[in-house]
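Visitor: Structure file start26.txt (compact mmCIF, C-alpha atoms) is given on the next line.
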# COMPACT_ATOMS: atom_id res chain seq x y z
CA MET A 1 7.99 7.45 44.67
CA TRP A 2 10.03 6.76 41.56
CA ALA A 3 11.58 9.58 39.52
CA ILE A 4 12.96 9.18 35.99
CA ASN A 5 15.35 11.71 34.47
CA ILE A 6 13.91 13.27 31.29
CA TYR A 7 15.40 15.61 28.71
CA SER A 8 13.57 17.94 26.33
CA SER A 9 12.93 21.60 25.58
CA LEU A 10 9.35 20.83 26.68
CA THR A 11 10.20 19.97 30.28
CA LEU A 12 9.92 23.50 31.67
CA SER A 13 6.42 23.99 30.26
CA LEU A 14 5.37 20.63 31.74
CA SER A 15 6.97 21.19 35.15
CA SER A 16 3.80 21.33 37.16
CA LYS A 17 1.43 18.63 38.34
CA ILE A 18 -1.03 19.05 35.50
CA SER A 19 -2.42 15.52 35.64
CA GLU A 20 -3.55 13.05 38.27
CA HIS A 21 -1.70 10.37 36.30
CA PHE A 22 1.76 11.88 35.85
CA GLU A 23 4.00 14.68 37.07
CA VAL A 24 7.02 16.49 35.62
CA PHE A 25 9.09 18.35 38.20
CA ARG A 26 12.53 19.88 38.49
CA GLU A 27 15.25 19.59 41.09
CA PHE A 28 18.53 21.42 41.64
CA ASN A 29 21.68 19.60 42.72
CA MET A 30 24.45 20.92 44.97
CA SER A 31 25.94 22.79 41.98
CA GLU A 32 22.57 24.39 41.23
CA HIS A 33 22.30 22.35 38.05
CA GLU A 34 18.67 22.03 36.94
CA ALA A 35 17.32 18.56 36.18
CA PHE A 36 13.82 17.41 35.24
CA TYR A 37 12.08 14.23 36.32
CA PHE A 38 8.99 12.25 35.40
CA SER A 39 6.94 10.57 38.09
CA SER A 40 3.56 8.87 38.21
CA VAL A 41 1.09 7.65 40.77
CA HIS A 42 1.05 4.40 38.77
CA LEU A 43 4.62 3.72 39.91
CA ASN A 44 3.92 4.18 43.61
CA ASN A 45 3.08 0.56 44.42
CA ILE A 46 6.47 -0.71 43.18
CA PRO A 47 8.85 -1.44 46.10
CA GLU A 48 12.25 0.21 46.28
CA GLU A 49 14.06 -3.05 45.53
CA GLU A 50 12.19 -3.54 42.20
CA SER A 51 13.96 -0.90 40.12
CA LEU A 52 13.77 -3.02 36.95
CA ARG A 53 9.98 -3.23 37.15
CA ALA A 54 9.81 0.51 37.80
CA SER A 55 11.90 1.20 34.71
CA TYR A 56 9.67 -0.97 32.49
CA ARG A 57 6.45 0.58 33.74
CA ALA A 58 7.85 4.10 33.43
CA LYS A 59 8.92 3.30 29.88
CA ALA A 60 5.37 2.20 29.01
CA LEU A 61 3.88 5.38 30.53
CA LEU A 62 6.39 7.65 28.81
CA ARG A 63 5.76 5.99 25.46
CA MET A 64 2.08 6.88 25.76
CA LEU A 65 2.88 10.46 26.79
CA ASN A 66 5.29 10.79 23.85
CA GLY A 67 2.64 9.32 21.56
CA ILE A 68 0.34 12.19 22.55
CA LEU A 69 3.07 14.79 22.08
CA LEU A 70 3.90 13.38 18.64
CA LEU A 71 0.33 13.93 17.47
CA THR A 72 0.95 17.69 17.40
CA GLY A 73 4.67 17.99 16.68
CA ASP A 74 8.00 16.20 16.62
CA LEU A 75 9.27 17.08 20.11
CA ILE A 76 9.29 14.29 22.70
CA LEU A 77 10.53 13.60 26.21
CA ASP A 78 13.80 11.68 26.07
CA TYR A 79 14.58 9.61 29.14
CA ASP A 80 17.25 7.48 30.80
CA LEU A 81 15.78 4.41 32.46
CA ASN A 82 19.21 3.01 33.35
CA ASN A 83 19.54 5.73 35.95
CA ILE A 84 16.36 6.21 37.93
CA ALA A 85 15.77 7.25 41.51
CA TYR A 86 13.63 6.16 44.42
CA VAL A 87 12.59 9.24 46.37
CA LYS A 88 11.39 9.26 49.95
CA ARG A 89 9.57 12.45 50.87
CA HIS A 90 9.84 13.71 54.45
CA LYS A 91 6.54 14.20 56.22
CA ASN A 92 5.69 17.83 57.01
CA SER A 93 8.69 18.99 54.97
CA HIS A 94 9.73 19.76 51.37
CA ASP A 95 12.93 17.74 51.87
CA SER A 96 13.44 14.26 50.47
CA ASP A 97 16.04 11.48 50.31
CA TRP A 98 17.13 10.30 46.87
CA TYR A 99 18.41 6.77 46.21
CA ARG A 100 19.90 6.27 42.75
CA LYS A 101 19.16 2.94 41.09
CA ASN A 102 21.23 1.73 38.16
CA VAL A 103 19.25 -0.65 35.95
CA TYR A 104 21.16 -2.90 33.58
CA ASN A 105 19.36 -6.25 33.77
CA VAL A 106 16.81 -7.52 31.25
CA ASN A 107 13.60 -9.44 31.92
CA ARG A 108 11.41 -9.71 28.83
CA GLU A 109 8.54 -11.40 30.68
CA MET A 110 8.42 -8.53 33.16
CA GLU A 111 8.62 -5.94 30.38
CA TYR A 112 5.71 -7.67 28.63
CA GLU A 113 3.63 -7.55 31.82
CA GLU A 114 4.24 -3.85 32.37
CA LEU A 115 3.62 -2.94 28.74
CA GLN A 116 0.27 -4.73 28.89
CA ASP A 117 -0.86 -3.00 32.08
CA PRO A 118 1.11 0.12 33.13
CA PHE A 119 -1.89 1.72 34.88
CA GLN A 120 -1.73 0.21 38.35
CA ALA A 121 -2.48 3.06 40.74
CA ASP A 122 -4.83 2.54 43.61
CA PRO A 123 -8.07 4.23 42.47
CA GLU A 124 -8.26 5.90 45.89
CA GLN A 125 -4.95 7.66 45.19
CA LEU A 126 -6.37 9.14 41.99
CA LYS A 127 -9.44 10.38 43.88
CA LYS A 128 -7.21 12.25 46.33
CA TYR A 129 -5.59 14.30 43.57
CA THR A 130 -6.52 17.99 43.78
CA GLY A 131 -4.38 19.51 41.03
CA LYS A 132 -5.77 22.82 39.74
CA ALA A 133 -5.15 21.92 36.10
CA ILE A 134 -7.63 19.04 35.86
CA PRO A 135 -10.07 20.07 33.11
CA LYS A 136 -13.24 21.62 34.51
CA ASN A 137 -15.96 23.66 32.83
CA ASP A 138 -13.60 26.54 32.04
CA PRO A 139 -12.00 25.86 28.60
CA LYS A 140 -8.89 27.81 29.66
CA ARG A 141 -8.18 25.12 32.25
CA ARG A 142 -8.23 22.26 29.76
CA ASN A 143 -5.07 20.58 28.57
CA TYR A 144 -5.11 18.05 25.73
CA LEU A 145 -2.19 16.12 27.26
CA VAL A 146 -4.23 15.60 30.42
CA ASP A 147 -7.40 14.61 28.57
CA PHE A 148 -5.72 12.30 26.06
CA PHE A 149 -3.67 10.56 28.77
CA ASP A 150 -6.80 10.13 30.88
CA CYS A 151 -8.49 8.61 27.82
CA ALA A 152 -5.63 6.10 27.53
CA TYR A 153 -6.12 5.23 31.21
CA LYS A 154 -9.81 4.51 30.64
CA ASP A 155 -9.59 2.87 27.20
CA ASP A 156 -7.24 0.00 26.29
CA PHE A 157 -7.55 0.75 22.57
CA VAL A 158 -6.30 4.32 23.08
CA LYS A 159 -3.46 3.04 25.25
CA GLU A 160 -2.38 0.59 22.55
CA VAL A 161 -2.73 3.06 19.67
CA LEU A 162 -0.62 5.74 21.38
CA THR A 163 2.05 3.17 22.21
CA LEU A 164 2.15 1.84 18.65
CA PHE A 165 2.25 5.35 17.22
CA SER A 166 5.16 6.47 19.40
CA LEU A 167 7.14 3.38 18.42
CA SER A 168 6.52 4.02 14.70
CA LYS A 169 8.02 7.49 15.14
CA ILE A 170 11.04 6.21 17.02
CA ASP A 171 11.96 3.61 14.41
CA THR A 172 10.88 3.95 10.77
CA LEU A 173 11.00 0.17 10.38
CA PHE A 174 7.71 -0.02 12.28
CA ILE A 175 5.79 2.64 10.38
CA LEU A 176 3.79 0.37 8.07
CA ILE A 177 3.28 -2.44 10.58
CA ASN A 178 2.12 -0.17 13.38
CA THR A 179 0.09 2.15 11.17
CA SER A 180 -1.85 -0.82 9.84
CA LYS A 181 -2.53 -2.08 13.37
CA ILE A 182 -3.63 1.40 14.46
CA ILE A 183 -6.12 1.75 11.59
CA GLU A 184 -7.54 -1.74 12.21
CA THR A 185 -7.91 -1.00 15.94
CA ILE A 186 -9.72 2.29 15.27
CA GLU A 187 -11.97 0.60 12.70
CA HIS A 188 -12.85 -2.10 15.22
CA ASP A 189 -13.51 0.46 17.96
CA LEU A 190 -15.80 2.53 15.73
CA ASP A 191 -17.43 -0.59 14.25
CA LEU A 192 -16.46 0.38 10.70
CA ASN A 193 -15.91 -3.18 9.51
CA VAL A 194 -19.35 -3.22 7.93
CA LYS A 195 -21.02 -2.82 4.55
CA GLU A 196 -20.15 0.38 2.69
CA GLU A 197 -23.60 1.96 2.99
CA VAL A 198 -23.65 1.35 6.77
CA LYS A 199 -20.07 2.62 7.06
CA GLU A 200 -20.94 5.86 5.28
CA GLN A 201 -23.72 6.47 7.77
CA ARG A 202 -21.43 5.86 10.74
CA LEU A 203 -18.72 8.11 9.33
CA LYS A 204 -21.16 11.04 9.42
CA ALA A 205 -20.70 11.14 13.21
CA LEU A 206 -16.93 11.67 12.78
CA SER A 207 -15.17 14.95 11.96
CA GLU A 208 -14.35 15.85 8.37
CA PRO A 209 -10.55 15.65 9.00
CA PHE A 210 -11.01 12.12 10.35
CA VAL A 211 -13.03 11.07 7.31
CA GLN A 212 -10.48 12.58 4.90
CA SER A 213 -7.60 10.71 6.54
CA TYR A 214 -9.58 7.50 6.75
CA VAL A 215 -10.49 7.72 3.06
CA TYR A 216 -6.82 8.34 2.25
CA PHE A 217 -5.83 5.01 3.80
CA LYS A 218 -8.73 3.11 2.27
CA ASN A 219 -8.31 4.54 -1.26
CA SER A 220 -4.52 4.78 -1.59
CA LYS A 221 -3.89 1.01 -1.69
CA PHE A 222 -2.08 1.52 1.61
CA PHE A 223 -2.93 -1.93 2.94
CA HIS A 224 -2.00 -3.66 -0.30
CA TYR A 225 1.34 -1.83 -0.20
CA SER A 226 2.01 -2.49 3.50
CA ASN A 227 0.98 -6.16 3.32
CA THR A 228 3.05 -6.98 0.25
CA ARG A 229 6.80 -7.57 0.38
CA VAL A 230 7.04 -6.84 -3.36
CA GLY A 231 5.50 -3.44 -2.62
CA SER A 232 7.19 -2.31 0.58
CA GLY A 233 10.15 -4.67 1.00
CA ILE A 234 11.56 -4.86 4.53
CA TYR A 235 8.77 -2.56 5.80
CA ALA A 236 6.05 -5.06 4.83
CA ARG A 237 3.78 -6.57 7.49
CA HIS A 238 4.23 -10.08 6.04
CA GLY A 239 7.16 -12.15 4.87
CA ALA A 240 8.03 -13.16 1.32
CA ASP A 241 5.26 -14.60 -0.81
CA LYS A 242 4.13 -14.70 -4.45
CA LYS A 243 1.82 -11.67 -4.28
CA THR A 244 2.41 -8.87 -6.75
CA TYR A 245 2.09 -5.13 -6.29
CA LYS A 246 1.13 -2.60 -8.93
CA GLY A 247 0.77 1.08 -8.28
CA THR A 248 2.59 4.10 -6.90
CA PRO A 249 3.80 3.59 -3.31
CA PRO A 250 2.26 6.05 -0.83
CA SER A 251 4.74 8.56 0.59
CA PHE A 252 5.86 8.15 4.17
CA SER A 253 5.22 11.84 4.84
CA ASP A 254 1.57 11.42 3.75
CA ILE A 255 1.26 8.33 5.95
CA HIS A 256 2.65 10.26 8.93
CA ALA A 257 0.38 13.23 8.39
CA ASN A 258 -2.79 11.20 7.96
CA ILE A 259 -2.27 8.75 10.80
CA ARG A 260 -1.68 11.67 13.18
CA VAL A 261 -4.99 13.25 12.18
CA LEU A 262 -6.82 9.91 12.35
CA ILE A 263 -5.65 9.24 15.93
CA TYR A 264 -6.12 12.82 17.11
CA GLU A 265 -9.67 13.09 15.77
CA TRP A 266 -10.59 9.61 17.02
CA ILE A 267 -9.62 10.54 20.58
CA ASN A 268 -11.42 13.87 20.16
CA PHE A 269 -14.55 11.92 19.19
CA LYS A 270 -14.27 9.92 22.40
CA LEU A 271 -13.77 13.07 24.46
CA MET A 272 -16.81 14.70 22.93
CA ASN A 273 -18.94 11.68 23.83
CA GLU A 274 -17.59 11.47 27.38
CA LYS A 275 -16.95 15.07 28.44
CA GLY A 276 -18.86 17.16 25.91
CA TYR A 277 -15.91 19.00 24.41
CA ARG A 278 -13.03 18.45 21.99
CA TYR A 279 -9.80 20.13 20.93
CA PRO A 280 -9.36 22.03 17.65
CA LEU A 281 -7.44 20.41 14.83
CA VAL A 282 -3.78 21.19 15.37
CA GLN A 283 -1.60 22.47 12.56
CA ILE A 284 1.30 20.06 12.89
CA LYS A 285 4.76 21.57 12.76
CA ASP A 286 7.82 19.48 12.00
CA TYR A 287 10.97 20.76 13.70
CA ASP A 288 14.19 20.13 11.81
CA PHE A 289 17.24 20.45 14.04
Produce structure tokens that represent the structure in this file.
Guide:
Amino acid sequence: MWAINIYSSLTLSLSSKISEHFEVFREFNMSEHEAFYFSSVHLNNIPEEESLRASYRAKALLRMLNGILLLTGDLILDYDLNNIAYVKRHKNSHDSDWYRKNVYNVNREMEYEELQDPFQADPEQLKKYTGKAIPKNDPKRRNYLVDFFDCAYKDDFVKEVLTLFSLSKIDTLFILINTSKIIETIEHDLDLNVKEEVKEQRLKALSEPFVQSYVYFKNSKFFHYSNTRVGSGIYARHGADKKTYKGTPPSFSDIHANIRVLIYEWINFKLMNEKGYRYPLVQIKDYDF
């Protein structure tokens, strides 16, 4: 298996196999120094000699996981893909051999491939998973990270939205571009690109927080601002043109707050349809270090 070094104050709380799709575990070196690692069943079919491919796929998986974490706060898992490890577990033993792999090459075609399809586990491997934390009927055993990540595995739109959202939080330059793409993807998925009277009827099936955030983007001239260079300058989705912009620019803090709610409630809507339950609206806390 492949193991990627991760860094965050969240690692200890995640250091158990809570999901069939990913695992966070800790190891101690000879000096008893504690280190945390991310691994995934979706990395298992990558041979030991293909460390570059493993790094690209792990990056895609971690971006989705960070996208989920960013929906409810500003803490993420930082990672070092230039120093990953291939781990060979010993049969009938807790021991393992670690082979460090330094990754410094670049292959954009390969990165594109892995970003498009990071979920490549053998379905039979997922069926064999027996982790106790998979959500069952008991609400106390549910974990939104597990459910949201599983939703990304099953739904390409969720996978793309979480990836776009995490990137917009990493680099502010992408906030308007990616937010616009996210809204358009959610609209397409919910079939909201219809006449207003039909749209109003379809919105009744969504939660009130979702509707409020959706209305914010539709009524705040967000798209006019994000599409117009005169309005948003270097952040604009399009290059220079002759279009004009009149109005007060929306605040980036309002954009952040509303896109988080929109994504979170959209995935909750999918969960409710598939599994019959959802997660309560989270009061988002911004941590300023």
Visitor: Taking 3 positions as the minimum chain separation for residues in the same chain, which residues sit within 7 Å of stretch 210-216 of chain A when counting only C-alpha atoms? Answer as a list in words.
Guide: Leu203, Leu206, Ser207, Asn219, Ser220, Asn258, Val261, Leu262 and Glu265 of chain A
Visitor: Given the choices A:Glu20, A:Asp80, A:Glu274, A:Asp254, which gets closest to A:Pro123 if the distance is worked out from all atoms listed in the file?
Guide: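 Among A:Glu20, A:Asp80, A:Glu274, A:Asp254, it is A:Glu20 that comes nearest to A:Pro123.
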Visitor: Hey, what's within 10 Å of A:Asn66 if we count all atoms listed in the file and toss same-chain stuff fewer than 4 positions away? As a PyMOL selection string, please?
Guide: chain A and resi 61-62+70-71+74-78+145+162-163+165-167+169
Visitor: Could you check which of A:Met1, A:Val41, A:Ile263, A:Ile18 is closest to A:Asp122, using all atoms listed in the file?
Guide: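 Counting all atoms listed in the file, the residue closest to A:Asp122 is A:Val41.
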Visitor: Taking (9.5, 7.3, 39.1) in the file's coordinates, which residues come within 9 Å, counting all atoms listed in the file, written as an MDAnalysis selection string?
Guide: chainID A and resid 1:5 37:44 54:55 58 84:87
Visitor: Around the point (-6.4, -4.6, 22.8) (coordinates from the file), which residues reach within 12 Å if we count only C-alpha atoms? Answer as a list of chain:residue names.
Guide: A:Leu115, A:Gln116, A:Asp117, A:Ala152, A:Asp155, A:Asp156, A:Phe157, A:Val158, A:Lys159, A:Glu160, A:Val161, A:Leu162, A:Thr163, A:Leu164, A:Lys181, A:Ile182, A:Glu184, A:Thr185, A:Ile186, A:His188, A:Asp189
Visitor: Given all atoms listed in the file as the basis, pick out the residue of A:Gln201, A:Ser8, A:Phe223, A:Ser19 nearest to A:Tyr153.
Guide: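 When distances to A:Tyr153 are compared using all atoms listed in the file, the smallest one comes from A:Ser19.
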Visitor: For atom CA of A:Ala205 and atom CA of A:Ile68, determine how far apart the two atoms are, in Å to one decimal place.
Guide: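 Atom-to-atom, atom CA of A:Ala205 to atom CA of A:Ile68, that is 23.0 Å.
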Visitor: Which of these, A:Gly231, A:Pro47, A:Pro249, A:Pro209, has the shortest distance to A:Trp266 once you count only C-alpha atoms?
Guide: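 Once distances to A:Trp266 are computed over only C-alpha atoms, the minimum belongs to A:Pro209.
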Visitor: Between A:Tyr277, A:Tyr7, A:Phe269, A:Phe222, which has the minimum distance to A:Arg142 (counting all atoms listed in the file)?
Guide: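 Smallest distance to A:Arg142 is found for A:Tyr277.
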Visitor: Atom CA of A:Gly239 and atom CA of A:Lys221 are how many Å apart?
Guide: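 So the two atoms, atom CA of A:Gly239 and atom CA of A:Lys221, lie 18.4 Å apart.
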Visitor: Of the candidates A:Ile255, A:Ala121, A:Val146, A:Val230, which shows the shortest atom-to-atom distance to A:Ile46, using only C-alpha atoms?
Guide: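 Once distances to A:Ile46 are computed over only C-alpha atoms, the minimum belongs to A:Ala121.
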